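Trainee: Got a structure for you, questions after.
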Amino acid sequence: MMPAVTDVVVVGAGPTGLMLANWLVKFGLGVTVLDTKTGPTRESRAVGVQARTMEIYDQLGIIDQVLAEAEVAEAIAPGFERTVFARIAFGALGRGTTPYPHLYVLEQSKNEQLLYDNLLRLGGTVLWQHRVTAVSTATNDGTCSAMVTADGPEGEVTYQARYCVGADGTSSAVRTHRGIAFDGITNAQTFYVADATAVRGLVAHAVNVRLASADFLITFPMGDGSRHRLIGTIRDEDNPASGEVETAARDQLARSYGISYASCAWFSTYRVHHRVASRFRDGPFFLAGDAAHVHSPVGAQG
């Protein structure tokens with residue numbers, strides 16, 4: 001079977017891949033997006049959006065939809081244990097520099113859905129449930145092309161493109177198949193992340209940053225004044241069993257900061273990785289987003 005021909009194959013329909021696909025289609029290029037998922041991410045995952053991203057959303061023409069979905073973090077509230085030192089407004093820091101001088105909280109699931117919907121409006125699409133199984137190069141008339149093969153619901157498909165961009169995360173199939181090293185370190189600490197409702201003990205509509213003698217906590221407002229993203233560390237000495245991590249986190253929040261919450265829509269643990277690909281380009285293949293570099297998510301600068 002002859003390969004399908006397109007300008008660019010984008011592997012990965014997360015925020016990076018979808019944003020890239022939107023702009024490529026907007027510029028009139030033929031784009032094929034492949035992703036192993038069944039659709040846009042449903043978990044909240046990453047939440048922070050900086051001013052520059054908002055400016056790009058504006059240039060893309062969907063800023064009104066983004067602003068309607070986003071929660072504005074109006075201030076930062078630093079403190080120690082149960083004590084809040086101050087409430088420092090964000091707005092004045094960026095006023096006159098950007099039309100979007102705040103920190104915006106827009107969870108990854110909403111980012112992806114907005115970008116996916118806009119991609120469809122522009123005439124693009126995503127081939128869901130397609131797993132890349134092989135990548136190679138082909139040369140015709142002196143021009144090097146990217147060959148990408150994937151398994152999908154209807155069998156194997158192959159695409160020939162001028163370029164292929166691997167935006168498929170830390171376990172990137174594109175990076176792996178091209179033999180590109182991904183060296184770095186993994187921090188020893190275990191972090192937890194919780195999307196909690198009816199949170200008590202925090203400054204509303206603000207990023208709360210609390211230190212303690214052995215703990216760290218940062219929170220992001222996620223709507224209605226009492227829903228927050230909580231990020232903290234699990235102490236080694238707590239050493240909870242896998243099914244008791246949330247209970248240990250709740251105890252730690254109450255003990256160290258006097259913070260409690262009613263329920264949790266999403267709870268997960270992770271370790272922070274600091275890794276970078278040995279090269280971001282290999283002929284017609286490129287790496288972007290977490291496929292190229294990964295580091296602490298704190299600061300929304302992924």
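We label chains A, B, ... in the order they appear in the structure tokens, count residues from 1 in each chain, and number ligands from 1 in the order shown.
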I want to know what sits within 6 Å of stretch 144-149 of chain A, based on only C-alpha atoms, with residues of the same chain fewer than 4 positions away left out; could you give that as a PyMOL selection string?
Mentor: chain A and resi 132-139+157-163+284
Trainee: Can I get the selection written as a PDB file, in the first residue's frame, with N, CA, C and O atoms?
Mentor:
ATOM      1  N   VAL A 132       2.267   4.874  17.147  1.00  0.00           N
ATOM      2  CA  VAL A 132       3.399   4.840  16.223  1.00  0.00           C
ATOM      3  C   VAL A 132       4.238   3.598  16.494  1.00  0.00           C
ATOM      4  O   VAL A 132       4.640   3.331  17.632  1.00  0.00           O
ATOM      5  N   THR A 133       4.491   2.847  15.444  1.00  0.00           N
ATOM      6  CA  THR A 133       5.264   1.608  15.569  1.00  0.00           C
ATOM      7  C   THR A 133       6.618   1.684  14.879  1.00  0.00           C
ATOM      8  O   THR A 133       7.509   0.881  15.177  1.00  0.00           O
ATOM      9  N   ALA A 134       6.793   2.621  13.954  1.00  0.00           N
ATOM     10  CA  ALA A 134       8.072   2.732  13.245  1.00  0.00           C
ATOM     11  C   ALA A 134       8.196   4.114  12.626  1.00  0.00           C
ATOM     12  O   ALA A 134       7.194   4.715  12.206  1.00  0.00           O
ATOM     13  N   VAL A 135       9.418   4.632  12.596  1.00  0.00           N
ATOM     14  CA  VAL A 135       9.718   5.868  11.872  1.00  0.00           C
ATOM     15  C   VAL A 135      11.015   5.654  11.107  1.00  0.00           C
ATOM     16  O   VAL A 135      11.908   4.934  11.551  1.00  0.00           O
ATOM     17  N   SER A 136      11.104   6.264   9.948  1.00  0.00           N
ATOM     18  CA  SER A 136      12.300   6.138   9.124  1.00  0.00           C
ATOM     19  C   SER A 136      12.351   7.325   8.179  1.00  0.00           C
ATOM     20  O   SER A 136      11.470   8.193   8.190  1.00  0.00           O
ATOM     21  N   THR A 137      13.371   7.371   7.349  1.00  0.00           N
ATOM     22  CA  THR A 137      13.497   8.426   6.351  1.00  0.00           C
ATOM     23  C   THR A 137      13.504   7.821   4.955  1.00  0.00           C
ATOM     24  O   THR A 137      13.872   6.664   4.769  1.00  0.00           O
ATOM     25  N   ALA A 138      13.067   8.613   4.000  1.00  0.00           N
ATOM     26  CA  ALA A 138      13.110   8.217   2.591  1.00  0.00           C
ATOM     27  C   ALA A 138      13.610   9.413   1.800  1.00  0.00           C
ATOM     28  O   ALA A 138      13.283  10.566   2.117  1.00  0.00           O
ATOM     29  N   THR A 139      14.401   9.172   0.784  1.00  0.00           N
ATOM     30  CA  THR A 139      14.960  10.250  -0.037  1.00  0.00           C
ATOM     31  C   THR A 139      14.461  10.114  -1.469  1.00  0.00           C
ATOM     32  O   THR A 139      14.622   9.068  -2.106  1.00  0.00           O
ATOM     33  N   VAL A 157      -1.225   1.999   9.142  1.00  0.00           N
ATOM     34  CA  VAL A 157      -1.193   3.097   8.167  1.00  0.00           C
ATOM     35  C   VAL A 157       0.216   3.693   8.154  1.00  0.00           C
ATOM     36  O   VAL A 157       0.919   3.679   9.164  1.00  0.00           O
ATOM     37  N   THR A 158       0.639   4.183   6.989  1.00  0.00           N
ATOM     38  CA  THR A 158       1.947   4.818   6.854  1.00  0.00           C
ATOM     39  C   THR A 158       1.776   6.180   6.201  1.00  0.00           C
ATOM     40  O   THR A 158       1.013   6.324   5.231  1.00  0.00           O
ATOM     41  N   TYR A 159       2.501   7.155   6.727  1.00  0.00           N
ATOM     42  CA  TYR A 159       2.442   8.516   6.193  1.00  0.00           C
ATOM     43  C   TYR A 159       3.842   8.962   5.778  1.00  0.00           C
ATOM     44  O   TYR A 159       4.827   8.673   6.470  1.00  0.00           O
ATOM     45  N   GLN A 160       3.903   9.662   4.665  1.00  0.00           N
ATOM     46  CA  GLN A 160       5.136  10.285   4.206  1.00  0.00           C
ATOM     47  C   GLN A 160       4.953  11.789   4.318  1.00  0.00           C
ATOM     48  O   GLN A 160       3.981  12.337   3.789  1.00  0.00           O
ATOM     49  N   ALA A 161       5.872  12.455   5.006  1.00  0.00           N
ATOM     50  CA  ALA A 161       5.718  13.880   5.274  1.00  0.00           C
ATOM     51  C   ALA A 161       7.044  14.602   5.120  1.00  0.00           C
ATOM     52  O   ALA A 161       8.120  14.004   5.235  1.00  0.00           O
ATOM     53  N   ARG A 162       6.948  15.888   4.871  1.00  0.00           N
ATOM     54  CA  ARG A 162       8.172  16.695   4.826  1.00  0.00           C
ATOM     55  C   ARG A 162       8.837  16.702   6.194  1.00  0.00           C
ATOM     56  O   ARG A 162      10.059  16.667   6.294  1.00  0.00           O
ATOM     57  N   TYR A 163       8.004  16.743   7.231  1.00  0.00           N
ATOM     58  CA  TYR A 163       8.528  16.761   8.592  1.00  0.00           C
ATOM     59  C   TYR A 163       7.620  15.937   9.504  1.00  0.00           C
ATOM     60  O   TYR A 163       6.420  15.775   9.245  1.00  0.00           O
ATOM     61  N   PRO A 284      14.444  15.119   9.237  1.00  0.00           N
ATOM     62  CA  PRO A 284      13.096  15.687   9.144  1.00  0.00           C
ATOM     63  C   PRO A 284      12.271  15.486  10.415  1.00  0.00           C
ATOM     64  O   PRO A 284      11.088  15.814  10.435  1.00  0.00           O
TER      65      PRO A 284
END
Trainee: Which residues of stretch 35-82 of chain A come within 12 Å of stretch 224-236 of chain A, and what is each one's closest atom pair and distance in Å (one decimal), counting only C-alpha atoms, sorted by chain and residue number, as a Markdown table?
Mentor:
| residue | atom | partner | partner_atom | distance |
| --- | --- | --- | --- | --- |
| A:Ser44 | CA | A:Arg229 | CA | 9.4 |
| A:Arg45 | CA | A:Arg229 | CA | 9.7 |
| A:Ala46 | CA | A:Arg229 | CA | 9.9 |
| A:Val47 | CA | A:Arg229 | CA | 8.3 |
| A:Gly48 | CA | A:Arg229 | CA | 10.3 |
| A:Ala70 | CA | A:Asp224 | CA | 11.8 |
| A:Glu71 | CA | A:Asp224 | CA | 9.1 |
| A:Val72 | CA | A:Gly225 | CA | 10.8 |
| A:Ala73 | CA | A:Gly225 | CA | 10.5 |
| A:Glu74 | CA | A:Gly225 | CA | 11.5 |
Trainee: Output as CSV one row per residue of stretch 75-128 of chain A within 10 Å of stretch 210-220 of chain A: the closest atom pair and its distance in Å to one decimal place, counting only C-alpha atoms, sorted by chain and residue number ascending.
Mentor:
residue,atom,partner,partner_atom,distance
A:Ile76,CA,A:Phe220,CA,9.4
A:Ala77,CA,A:Arg210,CA,8.3
A:Pro78,CA,A:Arg210,CA,5.9
A:Gly79,CA,A:Arg210,CA,4.8
A:Phe80,CA,A:Leu211,CA,4.8
A:Glu81,CA,A:Ala212,CA,5.1
A:Arg82,CA,A:Arg210,CA,8.1
A:Thr83,CA,A:Arg210,CA,8.4
A:Val84,CA,A:Arg210,CA,8.0
A:Phe85,CA,A:Arg210,CA,9.7
A:Leu103,CA,A:Phe220,CA,9.7
A:Tyr104,CA,A:Phe220,CA,9.5
A:Val105,CA,A:Phe220,CA,7.3
Trainee: Could you dump the residues just selected with C-alpha atoms as an mmCIF file, in the first residue's frame?
Mentor:
data_model
loop_
_atom_site.group_PDB
_atom_site.id
_atom_site.type_symbol
_atom_site.label_atom_id
_atom_site.label_comp_id
_atom_site.auth_asym_id
_atom_site.auth_seq_id
_atom_site.Cartn_x
_atom_site.Cartn_y
_atom_site.Cartn_z
ATOM 1 C CA ILE A 76 0.046 35.216 45.463
ATOM 2 C CA ALA A 77 -0.248 34.591 49.189
ATOM 3 C CA PRO A 78 3.042 33.434 50.764
ATOM 4 C CA GLY A 79 3.195 32.093 54.283
ATOM 5 C CA PHE A 80 4.725 29.729 56.807
ATOM 6 C CA GLU A 81 2.726 26.843 58.246
ATOM 7 C CA ARG A 82 -0.658 28.298 59.329
ATOM 8 C CA THR A 83 0.402 31.945 58.968
ATOM 9 C CA VAL A 84 -0.239 33.969 55.792
ATOM 10 C CA PHE A 85 2.240 36.831 55.412
ATOM 11 C CA LEU A 103 -1.720 33.999 36.093
ATOM 12 C CA TYR A 104 -4.559 32.060 34.509
ATOM 13 C CA VAL A 105 -5.679 28.662 35.715
#
Trainee: If you run DSSP on the backbone, which residues of stretch 129-229 of chain A are strand (DSSP E), as a PyMOL selection string?
Mentor: chain A and resi 131-140+143-152+155-166+182-186+190-197+206-211+216-221+228-229
Trainee: Quick one: everything within 12 Å of A:Gln108, counting only C-alpha atoms, minus sequence neighbours fewer than 3 positions away in the same chain. Send it as a count of residues only.
Mentor: 27
Trainee: Work out how far atom CA of A:Phe182 is from atom CA of A:Val126, in Å to one decimal.
Mentor: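 Going from atom CA of A:Val126 over to atom CA of A:Phe182, I get 26.9 Å.
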Trainee: Using only C-alpha atoms, can you tell me which of A:Lys110, A:Arg250, A:Arg121, A:Arg131 comes closest to A:Lys26?
Mentor: A:Arg121
Trainee: Tell me, as a list in words, which residues lie within 12 Å of A:Val272, counting only C-alpha atoms; anything in the same chain fewer than 2 positions away does not count.
Mentor: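 Selected residues are Thr170, Gly184, Ile185, Thr186, Asn187, Ala188, Gln189, Thr190, Phe191, Tyr192, Gly232, Thr233, Thr269, Tyr270, His274, Arg275, Val294, His295, Ser296, Pro297 and Val298 of chain A.
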Trainee: Do you know which residues are at most 7 Å from A:Leu34 counting only C-alpha atoms, after dropping those on the same chain fewer than 6 positions away, and could you put them as a PyMOL selection string?
Mentor: chain A and resi 10-13+126-128+130
Trainee: Using only C-alpha atoms for the distances, tell me which of A:Ala194, A:Ala288, A:Val209, A:Ala249 is nearest to A:Ser172.
Mentor: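 Closest to A:Ser172, using only C-alpha atoms: A:Ala288.
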Trainee: Return as number ranges by chain the full set of residues in stretch 110-218 of chain A whose backbone-based DSSP assignment is helix (DSSP H, G or I).
Mentor: A: 110-121, 173-177
Trainee: May I ask for the distance between atom CA of A:Met19 and atom CA of A:Ile56, given in Å to one decimal place?
Mentor: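 Result for atom CA of A:Met19 versus atom CA of A:Ile56: 9.4 Å, one decimal.
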